[in-house]
Each structure stands twice: as C-alpha cells, then as structure tokens.
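*Asks:* Here you go, upload.cif (mmCIF, C-alpha atoms and all ligand atoms):
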data_start
loop_
_atom_site.label_atom_id
_atom_site.label_comp_id
_atom_site.auth_asym_id
_atom_site.auth_seq_id
_atom_site.Cartn_x
_atom_site.Cartn_y
_atom_site.Cartn_z
CA MET A 288 157.25 185.23 64.00
CA ILE A 289 157.24 182.96 60.96
CA ASP A 290 153.71 182.99 59.57
CA LEU A 291 152.76 179.89 57.58
CA ARG A 292 149.00 180.07 58.16
CA SER A 293 148.29 181.21 54.61
CA ASP A 294 149.80 182.73 51.48
CA THR A 295 147.50 185.70 52.08
CA VAL A 296 149.70 187.05 54.90
CA THR A 297 152.24 188.64 52.53
CA LYS A 298 152.71 192.41 52.66
CA PRO A 299 153.30 194.62 49.63
CA SER A 300 157.02 195.06 48.90
CA ALA A 301 158.62 198.51 48.53
CA LYS A 302 158.60 198.15 44.74
CA MET A 303 154.96 197.06 44.72
CA LYS A 304 154.08 200.10 46.84
CA GLU A 305 155.99 202.29 44.43
CA ALA A 306 153.90 200.91 41.54
CA MET A 307 150.74 201.62 43.57
CA PHE A 308 151.95 205.11 44.43
CA ASN A 309 152.60 205.93 40.79
CA ALA A 310 149.40 204.41 39.36
CA GLU A 311 147.25 206.49 37.07
CA LEU A 312 143.79 206.68 38.63
CA GLY A 313 140.17 207.47 37.80
CA ASP A 314 136.67 206.60 39.00
CA ASP A 315 136.10 202.95 38.08
CA VAL A 316 132.34 203.10 38.74
CA PHE A 317 132.38 205.45 35.73
CA ALA A 318 134.74 202.92 34.05
CA GLU A 319 137.41 205.63 34.04
CA ASP A 320 140.29 204.05 35.93
CA PRO A 321 143.01 203.33 33.37
CA THR A 322 144.98 201.04 35.70
CA VAL A 323 141.95 198.86 36.48
CA LYS A 324 141.19 198.63 32.76
CA LYS A 325 144.80 197.71 32.07
CA LEU A 326 144.69 194.89 34.64
CA GLU A 327 141.34 193.57 33.38
CA GLU A 328 142.56 193.53 29.78
CA MET A 329 145.90 192.05 30.76
CA VAL A 330 144.36 189.10 32.65
CA ALA A 331 141.66 188.51 30.02
CA GLN A 332 144.34 188.40 27.32
CA MET A 333 146.59 186.07 29.34
CA PHE A 334 143.76 183.54 29.69
CA GLY A 335 142.45 183.97 26.16
CA ALA A 336 139.16 185.39 27.43
CA GLU A 337 137.14 188.30 26.00
CA ALA A 338 136.98 190.46 29.10
CA GLY A 339 137.85 190.75 32.79
CA LEU A 340 136.45 192.27 35.97
CA PHE A 341 138.49 193.44 38.95
CA CYS A 342 136.94 192.57 42.33
CA PRO A 343 137.97 192.95 45.97
CA SER A 344 138.06 189.20 46.71
CA GLY A 345 138.00 185.71 45.27
CA THR A 346 134.82 185.04 47.20
CA MET A 347 133.21 187.86 45.26
CA THR A 348 134.47 186.67 41.85
CA ASN A 349 133.17 183.13 42.56
CA GLN A 350 129.83 184.37 43.88
CA ILE A 351 129.35 186.79 40.98
CA ALA A 352 130.05 183.94 38.55
CA ILE A 353 127.43 181.74 40.22
CA LYS A 354 124.91 184.59 40.22
CA ALA A 355 125.56 185.51 36.59
CA HIS A 356 125.39 181.94 35.31
CA THR A 357 122.33 180.66 37.23
CA GLN A 358 118.79 181.44 38.30
CA PRO A 359 116.83 180.23 41.35
CA LEU A 360 115.85 176.52 41.11
CA ASP A 361 119.20 175.81 39.46
CA GLU A 362 121.82 173.61 41.11
CA ILE A 363 125.60 173.84 41.10
CA ILE A 364 128.01 170.92 41.38
CA CYS A 365 131.18 171.31 43.49
CA ASP A 366 133.48 168.97 45.34
CA LYS A 367 132.90 168.52 49.06
CA LEU A 368 136.31 170.08 49.78
CA SER A 369 135.72 173.13 47.57
CA HIS A 370 136.15 176.68 48.80
CA ILE A 371 132.77 177.62 47.32
CA TYR A 372 131.08 175.01 49.51
CA ASN A 373 133.15 175.39 52.67
CA TYR A 374 134.37 178.95 52.98
CA GLU A 375 132.02 181.33 51.22
CA THR A 376 129.34 181.51 53.92
CA GLY A 377 126.84 179.51 51.89
CA GLY A 378 126.77 182.33 49.35
CA TRP A 379 125.27 180.16 46.59
CA ALA A 380 121.99 180.10 48.56
CA PHE A 381 122.23 183.65 49.88
CA HIS A 382 123.03 185.43 46.62
CA SER A 383 121.70 183.11 43.95
CA GLY A 384 118.96 180.94 45.47
CA VAL A 385 120.51 177.80 44.01
CA SER A 386 121.16 174.41 45.60
CA ILE A 387 124.47 172.58 45.67
CA ARG A 388 125.42 168.94 45.08
CA LEU A 389 128.83 167.59 46.04
CA THR A 390 131.26 165.15 44.51
CA ASP A 391 133.42 163.02 46.79
CA GLY A 392 136.65 163.46 44.88
CA VAL A 393 140.28 162.55 45.51
CA ASN A 394 141.94 165.34 47.50
CA GLY A 395 139.18 167.63 46.30
CA LYS A 396 139.49 166.69 42.63
CA MET A 397 136.35 165.44 40.88
CA ASN A 398 136.34 163.33 37.74
CA VAL A 399 133.88 163.12 34.85
CA LYS A 400 132.16 160.01 36.18
CA GLN A 401 131.48 161.62 39.54
CA VAL A 402 130.02 164.68 37.82
CA GLU A 403 127.92 162.53 35.51
CA GLU A 404 126.37 160.75 38.51
CA LEU A 405 125.19 164.06 39.97
CA VAL A 406 123.56 165.54 36.87
CA LEU A 407 119.81 165.32 37.43
CA PRO A 408 117.06 164.44 34.95
CA ASP A 409 114.48 167.08 34.07
CA PHE A 410 111.64 166.44 36.55
CA ASP A 411 109.44 169.06 38.26
CA TRP A 412 110.57 167.83 41.68
CA LEU A 413 114.28 168.24 40.99
CA PRO A 414 116.45 171.34 40.68
CA ASN A 415 118.05 172.10 37.30
CA SER A 416 121.66 170.93 37.08
CA ARG A 417 123.22 174.09 35.69
CA MET A 418 126.84 174.68 36.61
CA VAL A 419 129.99 172.77 37.55
CA CYS A 420 132.70 174.52 39.58
CA ILE A 421 136.16 173.05 39.86
CA GLU A 422 139.02 174.40 41.95
CA ASN A 423 142.66 174.37 40.84
CA THR A 424 144.68 174.06 42.99
CA VAL A 425 142.38 172.60 45.65
CA ASN A 426 143.11 174.45 48.88
CA LYS A 427 141.51 171.92 51.26
CA GLY A 428 142.89 169.06 49.15
CA GLY A 429 146.44 170.07 50.09
CA GLY A 430 147.07 172.18 46.98
CA SER A 431 146.27 169.32 44.60
CA VAL A 432 146.48 170.02 40.86
CA TYR A 433 144.16 169.13 37.98
CA THR A 434 146.02 168.56 34.72
CA ILE A 435 144.87 170.39 31.58
CA GLU A 436 143.53 167.08 30.29
CA GLU A 437 141.51 166.42 33.46
CA MET A 438 139.98 169.89 33.28
CA LYS A 439 139.26 169.48 29.58
CA ASN A 440 137.55 166.11 30.11
CA ILE A 441 135.15 167.63 32.63
CA SER A 442 134.61 170.62 30.35
CA ASP A 443 133.86 168.42 27.30
CA PHE A 444 131.28 166.55 29.35
CA CYS A 445 129.71 169.82 30.54
CA ARG A 446 129.38 171.03 26.95
CA THR A 447 127.47 167.87 25.97
CA LYS A 448 125.03 168.41 28.88
CA ASN A 449 124.67 172.17 28.41
CA LEU A 450 126.29 172.77 31.80
CA ILE A 451 128.27 175.91 32.56
CA ILE A 452 131.82 175.25 33.79
CA HIS A 453 133.58 177.66 36.15
CA LEU A 454 137.13 177.50 37.46
CA ASP A 455 137.92 178.75 40.96
CA GLY A 456 141.52 179.49 40.06
CA ALA A 457 142.48 181.19 43.30
CA ARG A 458 145.89 179.51 42.94
CA ILE A 459 145.83 178.72 39.22
CA PHE A 460 149.34 180.12 38.76
CA ASN A 461 150.64 177.55 41.25
CA ALA A 462 148.94 174.82 39.21
CA LEU A 463 150.33 176.17 35.92
CA GLU A 464 153.83 176.28 37.42
CA VAL A 465 153.66 172.56 38.24
CA LEU A 466 152.11 171.69 34.87
CA LYS A 467 154.66 173.85 33.01
CA LYS A 468 151.73 175.44 31.17
CA LYS A 469 150.66 178.99 30.39
CA PRO A 470 147.32 180.66 31.25
CA ILE A 471 146.49 180.67 27.53
CA ASP A 472 146.44 176.85 27.65
CA LEU A 473 143.17 177.17 29.60
CA SER A 474 141.56 179.13 26.80
CA GLY A 475 138.20 177.68 25.73
CA ILE A 476 137.96 175.18 28.59
CA PHE A 477 135.90 177.34 30.98
CA ASP A 478 132.96 179.73 30.75
CA SER A 479 134.50 181.76 33.56
CA ILE A 480 137.67 181.80 35.65
CA SER A 481 138.30 183.46 39.00
CA ILE A 482 141.95 184.33 39.65
CA CYS A 483 143.27 185.59 43.02
CA ILE A 484 146.20 187.99 42.98
CA SER A 485 146.22 188.31 46.77
CA LYS A 486 147.38 184.72 47.43
CA GLY A 487 150.76 183.44 46.29
CA LEU A 488 151.30 186.40 43.98
CA GLY A 489 151.50 188.78 46.93
CA ALA A 490 149.14 191.65 46.11
CA PRO A 491 147.37 193.11 49.15
CA VAL A 492 143.87 192.91 47.60
CA GLY A 493 142.29 191.72 44.42
CA SER A 494 140.85 189.01 42.22
CA VAL A 495 139.94 189.06 38.55
CA LEU A 496 137.01 187.29 36.91
CA VAL A 497 137.32 186.54 33.19
CA GLY A 498 134.84 185.30 30.60
CA LYS A 499 132.79 186.37 27.59
CA LYS A 500 131.92 190.05 27.08
CA ASP A 501 128.20 189.72 27.87
CA PHE A 502 128.98 187.63 30.97
CA ILE A 503 131.40 190.29 32.24
CA LYS A 504 128.88 193.05 31.47
CA ARG A 505 126.31 191.27 33.67
CA SER A 506 128.98 190.51 36.29
CA ARG A 507 129.79 194.22 36.50
CA LYS A 508 126.19 194.95 37.44
CA ILE A 509 126.20 192.14 40.02
CA ARG A 510 129.47 193.43 41.47
CA LYS A 511 127.79 196.81 41.91
CA VAL A 512 124.71 195.43 43.67
CA MET A 513 126.96 193.42 45.99
CA GLY A 514 128.65 196.68 46.95
CA GLY A 515 131.84 195.97 45.05
CA GLY A 516 131.86 199.01 42.78
CA MET A 517 135.14 200.69 43.68
CA ARG A 518 136.34 204.19 42.80
CA GLN A 519 140.10 204.86 42.38
CA SER A 520 140.78 201.14 42.65
CA GLY A 521 143.67 201.47 40.21
CA ILE A 522 145.81 201.90 43.30
CA LEU A 523 145.03 198.24 44.06
CA ALA A 524 145.06 197.10 40.43
CA ALA A 525 148.61 198.52 40.14
CA ALA A 526 149.72 196.10 42.88
CA CYS A 527 148.09 193.26 40.97
CA ILE A 528 149.80 194.22 37.70
CA TYR A 529 153.11 194.38 39.56
CA ALA A 530 152.43 190.94 41.08
CA LEU A 531 151.62 189.37 37.71
CA GLU A 532 154.74 190.86 36.14
CA ASN A 533 157.14 189.99 38.95
CA ASN A 534 155.88 187.27 41.25
CA VAL A 535 154.76 184.44 38.96
CA THR A 536 158.09 182.98 37.91
CA ARG A 537 159.25 182.54 41.52
CA LEU A 538 156.36 180.26 42.60
CA HIS A 539 158.50 177.13 42.16
CA GLN A 540 160.49 178.30 45.22
CA ASP A 541 157.35 178.10 47.35
CA HIS A 542 156.69 174.61 46.03
CA GLU A 543 160.24 173.43 46.75
CA ARG A 544 160.07 174.83 50.29
CA ALA A 545 156.68 173.20 50.91
CA ASN A 546 158.16 169.88 49.81
CA LYS A 547 161.06 170.23 52.23
CA ILE A 548 158.68 170.98 55.09
CA ALA A 549 156.57 167.95 54.16
CA ALA A 550 159.65 165.71 54.14
CA ALA A 551 160.64 167.00 57.59
CA LEU A 552 157.11 166.41 58.90
CA GLN A 553 157.25 162.80 57.67
CA ASN A 554 160.14 162.29 60.10
CA CYS A 555 158.20 163.58 63.11
CA ASN A 556 156.70 160.72 65.14
CA TRP A 557 153.81 162.97 66.31
CA VAL A 558 152.68 163.48 62.70
CA LYS A 559 150.22 160.79 61.64
CA LYS A 560 149.92 161.62 57.98
CA VAL A 561 150.98 164.25 55.42
CA LEU A 562 148.80 164.85 52.36
CA PRO A 563 150.74 164.62 49.08
CA VAL A 564 152.39 168.01 48.44
CA GLU A 565 152.08 169.25 44.86
CA THR A 566 152.28 173.01 45.28
CA ASN A 567 152.67 175.45 48.22
CA ILE A 568 150.20 173.88 50.68
CA VAL A 569 151.10 171.28 53.31
CA ILE A 570 148.23 169.63 55.19
CA PHE A 571 149.08 167.13 57.90
CA GLU A 572 147.32 165.12 60.56
CA VAL A 573 148.09 165.16 64.28
CA SER A 574 146.12 163.95 67.30
CA ASP A 575 145.09 167.45 68.45
CA SER A 576 145.50 170.34 66.03
CA THR A 577 144.88 173.10 68.62
CA LYS A 578 147.57 171.78 70.97
CA THR A 579 150.04 171.26 68.13
CA ALA A 580 149.38 174.78 66.79
CA GLU A 581 150.15 176.11 70.29
CA ALA A 582 153.41 174.14 70.36
CA PHE A 583 154.38 175.73 67.03
CA ALA A 584 153.39 179.17 68.31
CA ALA A 585 155.66 178.67 71.34
CA ARG A 586 158.48 178.32 68.79
CA ASN A 587 157.38 181.46 66.95
CA ILE A 588 155.79 179.60 64.05
CA LYS A 589 152.17 180.21 63.14
CA VAL A 590 150.26 177.33 61.54
CA GLN A 591 146.57 177.05 60.70
CA PRO A 592 144.30 174.47 62.37
CA PHE A 593 142.14 173.09 59.54
CA SER A 594 140.03 170.63 61.55
CA PRO A 595 140.33 169.09 65.04
CA ILE A 596 143.12 166.86 63.67
CA LEU A 597 144.42 168.69 60.58
CA LEU A 598 146.92 171.53 60.34
CA ARG A 599 147.86 173.58 57.30
CA MET A 600 151.10 175.33 56.40
CA VAL A 601 151.36 177.47 53.28
CA THR A 602 154.63 178.78 51.85
CA HIS A 603 154.66 182.23 50.26
CA LEU A 604 156.55 185.26 49.00
CA ASP A 605 157.53 186.50 52.47
CA PHE A 606 158.69 183.06 53.67
CA THR A 607 162.43 183.13 53.07
CA GLU A 608 165.13 180.45 52.79
CA GLU A 609 166.36 181.51 56.23
CA MET A 610 162.90 181.01 57.70
CA LEU A 611 162.72 177.61 56.04
CA GLU A 612 165.98 176.60 57.77
CA THR A 613 164.54 177.74 61.11
CA VAL A 614 161.33 175.74 60.56
CA LEU A 615 163.28 172.61 59.58
CA THR A 616 165.46 172.92 62.69
CA GLU A 617 162.45 173.46 64.95
CA LEU A 618 160.73 170.41 63.47
CA LYS A 619 163.75 168.31 64.39
CA ASN A 620 163.58 169.60 67.96
CA MET A 621 159.85 169.39 68.52
CA ASN A 622 158.67 166.58 70.75
CA LEU A 623 154.95 166.30 71.36
C1 LIG A 701 141.28 182.21 49.01
C2 LIG A 701 140.42 181.44 48.11
C3 LIG A 701 139.31 182.04 47.48
C4 LIG A 701 138.90 183.46 47.67
O1 LIG A 701 139.14 183.98 48.89
P1 LIG A 701 139.10 185.52 49.29
O2 LIG A 701 139.73 185.47 50.61
O3 LIG A 701 137.66 185.88 49.31
O4 LIG A 701 139.86 186.30 48.28
C5 LIG A 701 138.57 181.26 46.62
N1 LIG A 701 138.91 179.98 46.38
C6 LIG A 701 139.98 179.40 46.93
C7 LIG A 701 140.32 178.01 46.58
C8 LIG A 701 140.76 180.10 47.83
O5 LIG A 701 141.81 179.51 48.40
#
Represent the structure contained in this file as structure tokens.
*Replies:*
Amino acid sequence: MIDLRSDTVTKPSAKMKEAMFNAELGDDVFAEDPTVKKLEEMVAQMFGAEAGLFCPSGTMTNQIAIKAHTQPLDEIICDKLSHIYNYETGGWAFHSGVSIRLTDGVNGKMNVKQVEELVLPDFDWLPNSRMVCIENTVNKGGGSVYTIEEMKNISDFCRTKNLIIHLDGARIFNALEVLKKKPIDLSGIFDSISICISKGLGAPVGSVLVGKKDFIKRSRKIRKVMGGGMRQSGILAAACIYALENNVTRLHQDHERANKIAAALQNCNWVKKVLPVETNIVIFEVSDSTKTAEAFAARNIKVQPFSPILLRMVTHLDFTEEMLETVLTELKNMNL
C-alpha cells in the first residue's frame, strides 16, 4: 500500500527509535524531564521566542493558545478553510467560550483588508475582537504559503488594533523551505506559534507551542487542566529533536514529488481541477471523491476524500522515489 492520505502516516525510523530509546527521562509534570526541556528550549530558540511547551497534538497547542489569549465574550478571526475552524471540534467555543468570525481568503490565505473588515467596534451587543489566527501552510488551501511580508502585514495591523496574532504553523517548516527562510525570520511577528513535529517531520507524536514566558507559564497550567500533563514524555520529545535535526532539510523532496503528482493529475481527463501546488499537499477535484478514492485503493494507493468532490494527497518522509514512479504509472493507466 502507498499511503498518501496525510503526512501524519509516517512511522519512526530505526535511528529515531534509537534516539527515543536512549533519551534521558524524568517526570515532566514536576518539570524534571531533561529531554522535554531540551526540545522546548531548542524550538523556542529557533523561532526567537522566550519559551516553549511540548504538547501531544497541534490541536492542543492551538486550543491552549486560544484559551490563554482570550476570555469569554472575546472573538477570534480565522479563515473559513482554517484547521482551527474546521477540524478542532469547535474547540474555541468548548474550551474558551469565544465566538469566531471567518475571512473568505484565497486558498485559505487572508489579507489585511479582509481582517480589517471583520474587526468589530466596541458596542455592548458585539463580542470583543481579540485574536487573529493564520495558518501557514494552509492545509485545506492545498498547502498554500504566506510570505514573511504577508504575515508581517497582518501582524502590523493587529498591533495597531491591540489584537493578538497566533500562527498555526503545523507545517511551517514546509513554508520556510519554499520561502528559503529560517524560523528565526518569524521572530517578533507572532504572539504565539504552534509547530507540529508529527507531520512532515516524521515524529510519531508532538507539537510545540512557543511565545513569551508568562504566556507559556499560563499555557502550562491550561495544558494540565486539559489532561495534557505528561510524565516521562522525553521519550517522545527525543523523537521530535531527532526530527528537527534530521528531517527538515529533506522537505524539498516532498515538494518536488507533490509537483510531479500534480502535473500527472493535470493530464488525467477525469480530473476537473488541481489546486496550485506550493508544498507537499495536492488537492484536486473529481466528480465523485468516494468512487475515485476506491479506484485508487484498488491500485493500492490510499488518498483522502476532502469533500464530496475533492481529494487530497500528501507526500511525506515514507513516500519514496520508487513509490512516486508507481503512482505516476498508475495515474497514466487509470480510466474513470
Ligand atoms: C494537523 C494540523 C493541526 C494539528 O493536528 P493534530 O492532529 O491535532 O496534531 C493543526 N493545524 C493544521 C493546519 C494541521 O494540518
């Protein structure tokens, strides 16, 4: 089976397991796990932030950020394609008692003007506009990338309106690869950043939230009340450190392979449209996504239905050149 449903399907490599096996451990609820501390400091330093917090998932790092930055009666602004809006079980309402207002961006990317239009005046009958969340890359936007300048423009606007700005950087390393930038180039733009290590970087579990010291202190308490206080979690943090040290510089391969798949899809007469491919995500339109996914499955290729007419393929660490050749050949042979 060739699994292209998501870049979360990767399994830890032998070397990653070795790093996990050899990790120095302690009880992180007592803040005594040296490997967790090492990861948190490492990521904070990379992004030019004061502190970091290791969490089990990117949903948790996003939801903690919303909780820490807002209070009930506040409102957050996201794009209508955002992960926070679509795939986090409505957590903004559940955890934080805030409302949400959505931009209608281009492939999930909002611009300053769209944000400006959604910021509410201060009336008793309106929620308080409090926080803007952008996503880079945008998963549901086909892996679209905000440039540093685009992010900075939105951030500058937020500062003038006293709005918090958060980055859902689940795939920020994919974006940085395309932009030829370093994590430190994001320093000062955001109040908080959520980074997933379990996506394209190939760790089995783990996301890191970074921000100011007092924000992380509060986030640590929120993580605990959400049930995310972990004990010898250095065994997982070790995988994340390994991933950051070894699996970042290869991301361009995933992007190149995604581009080749997109080009092959363009030549299929049963494909109606392919979203522009910028990173490792290919989203394309067919007449019936369930039927098409079954046709792929019959050829031992797993793809992800994303709507009744959209399918997603994501390239990743465990998707090899050989597998790419197989997929390209199958695409030539498929007749729907
Ligand atoms: C995967 C993802 C997350 C977090 O997902 P988890 O599965 O909870 O780790 C957040 N934002 C985006 C854009 C994602 O793709």
*Asks:* Taking only C-alpha atoms and all ligand atoms into account, report as an NGL selection string which residues have an atom no farther than 10 Å from an atom of ligand LIG 701 (chain A).
*Replies:* :A and (293-295 or 342-350 or 368-375 or 421-428 or 430 or 454-459 or 481-487 or 492-494)
*Asks:* What is the distance between CA of Pro470 in chain A and CA of Glu532 in chain A, in Å to one decimal?
*Replies:*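 So the two atoms, CA of Pro470 in chain A and CA of Glu532 in chain A, lie 13.5 Å apart.
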*Asks:* Of the candidates A:Val558, A:Asp443, A:Asp290, A:Ser506, which shows the shortest atom-to-atom distance to Met610 in chain A, using all atoms listed in the file?
*Replies:* A:Asp290
*Asks:* Please list as an MDAnalysis selection string every residue within 10 Å of range 522-526 of chain A, counting all atoms listed in the file and excluding residues in the same chain fewer than 2 positions away.
*Replies:* chainID A and resid 299:300 302:313 320:327 341:343 484:485 488:495 518:520 528:532
*Asks:* Report as a compact mmCIF listing (two decimals) with C-alpha atoms, in the frame of the given file all protein, DNA and RNA residues lying within 7 Å of Thr390 in chain A, evaluated on only C-alpha atoms, omitting residues in the same chain fewer than 6 positions from it.
*Replies:*
# COMPACT_ATOMS: atom_id res chain seq x y z
CA CYS A 365 131.18 171.31 43.49
CA ASP A 366 133.48 168.97 45.34
CA LYS A 367 132.90 168.52 49.06
CA MET A 397 136.35 165.44 40.88
CA GLN A 401 131.48 161.62 39.54
CA VAL A 402 130.02 164.68 37.82
*Asks:* One decimal, in Å: what's the spacing between CA of Gly516 in chain A and CA of Val316 in chain A?
*Replies:*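 Straight-line distance from CA of Gly516 in chain A to CA of Val316 in chain A works out to 5.8 Å.
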*Asks:* With distances taken over all atoms listed in the file, which of A:Phe571, A:Trp412, A:Phe502, A:Phe606 is nearest to Ala352 in chain A?
*Replies:*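 For Ala352 in chain A, the nearest of the candidates is A:Phe502.
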*Asks:* Smallest atom-to-atom distance to Cys420 in chain A: which of A:His356, A:His382, A:Lys578, A:Lys448, using only C-alpha atoms?
*Replies:*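 For Cys420 in chain A, the nearest of the candidates is A:His356.
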*Asks:* Do you have the CA of Ala338 in chain A-CA of Asn534 in chain A distance handy?
*Replies:*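 About the pair CA of Ala338 in chain A and CA of Asn534 in chain A: they are 22.7 Å apart.
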*Asks:* Could you list, as a PyMOL selection string, every residue within 9 Å of range 535-548 of chain A, counting all atoms listed in the file and ignoring same-chain residues fewer than 5 positions away?
*Replies:* chain A and resi 460-461+464-465+487-488+530+553+564-569+600-604+606+608+611+614-615+618
*Asks:* Could you name the residues that touch Trp379 in chain A at 8 Å or less, counting only C-alpha atoms, but leaving out those on the same chain fewer than 5 positions away, as a list in words?
*Replies:* Gln350, Ile353, Lys354, Ile371, Gly384, Val385, Ser386 and Ile387 of chain A
*Asks:* Residues within 8 Å of Leu450 in chain A, please, as a PDB file with C-alpha atoms, keeping the file's coordinate frame. Count all atoms listed in the file; anything in the same chain fewer than 3 positions from it doesn't count.
*Replies:*
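Below is the file out-v9.pdb, written as the result:
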ATOM      1  CA  SER A 416     121.660 170.930  37.080  1.00  0.00           C
ATOM      2  CA  ARG A 417     123.220 174.090  35.690  1.00  0.00           C
ATOM      3  CA  MET A 418     126.840 174.680  36.610  1.00  0.00           C
ATOM      4  CA  VAL A 419     129.990 172.770  37.550  1.00  0.00           C
ATOM      5  CA  CYS A 445     129.710 169.820  30.540  1.00  0.00           C
ATOM      6  CA  ARG A 446     129.380 171.030  26.950  1.00  0.00           C
ATOM      7  CA  THR A 447     127.470 167.870  25.970  1.00  0.00           C
TER       8      THR A 447
END
*Asks:* Find, counting all atoms listed in the file, the residue in A:Gly395, A:Gly429, A:Gly498, A:Pro359 that gets nearest to Ile451 in chain A.
*Replies:*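 That would be A:Gly498, the residue with the smallest distance to Ile451 in chain A.
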*Asks:* When distances are computed from all atoms listed in the file, which of A:Glu362, A:Asp411, A:Glu437, A:Glu319 shows the smallest separation from Leu389 in chain A?
*Replies:*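 Comparing A:Glu362, A:Asp411, A:Glu437, A:Glu319 against Leu389 in chain A, the winner is A:Glu362.
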*Asks:* Could you check the closest approach to Asp478 in chain A for each of A:Leu463, A:Val590, A:Asn440, A:Val497 and tell me which residue wins, using only C-alpha atoms?
*Replies:*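 The closest residue to Asp478 in chain A is A:Val497.
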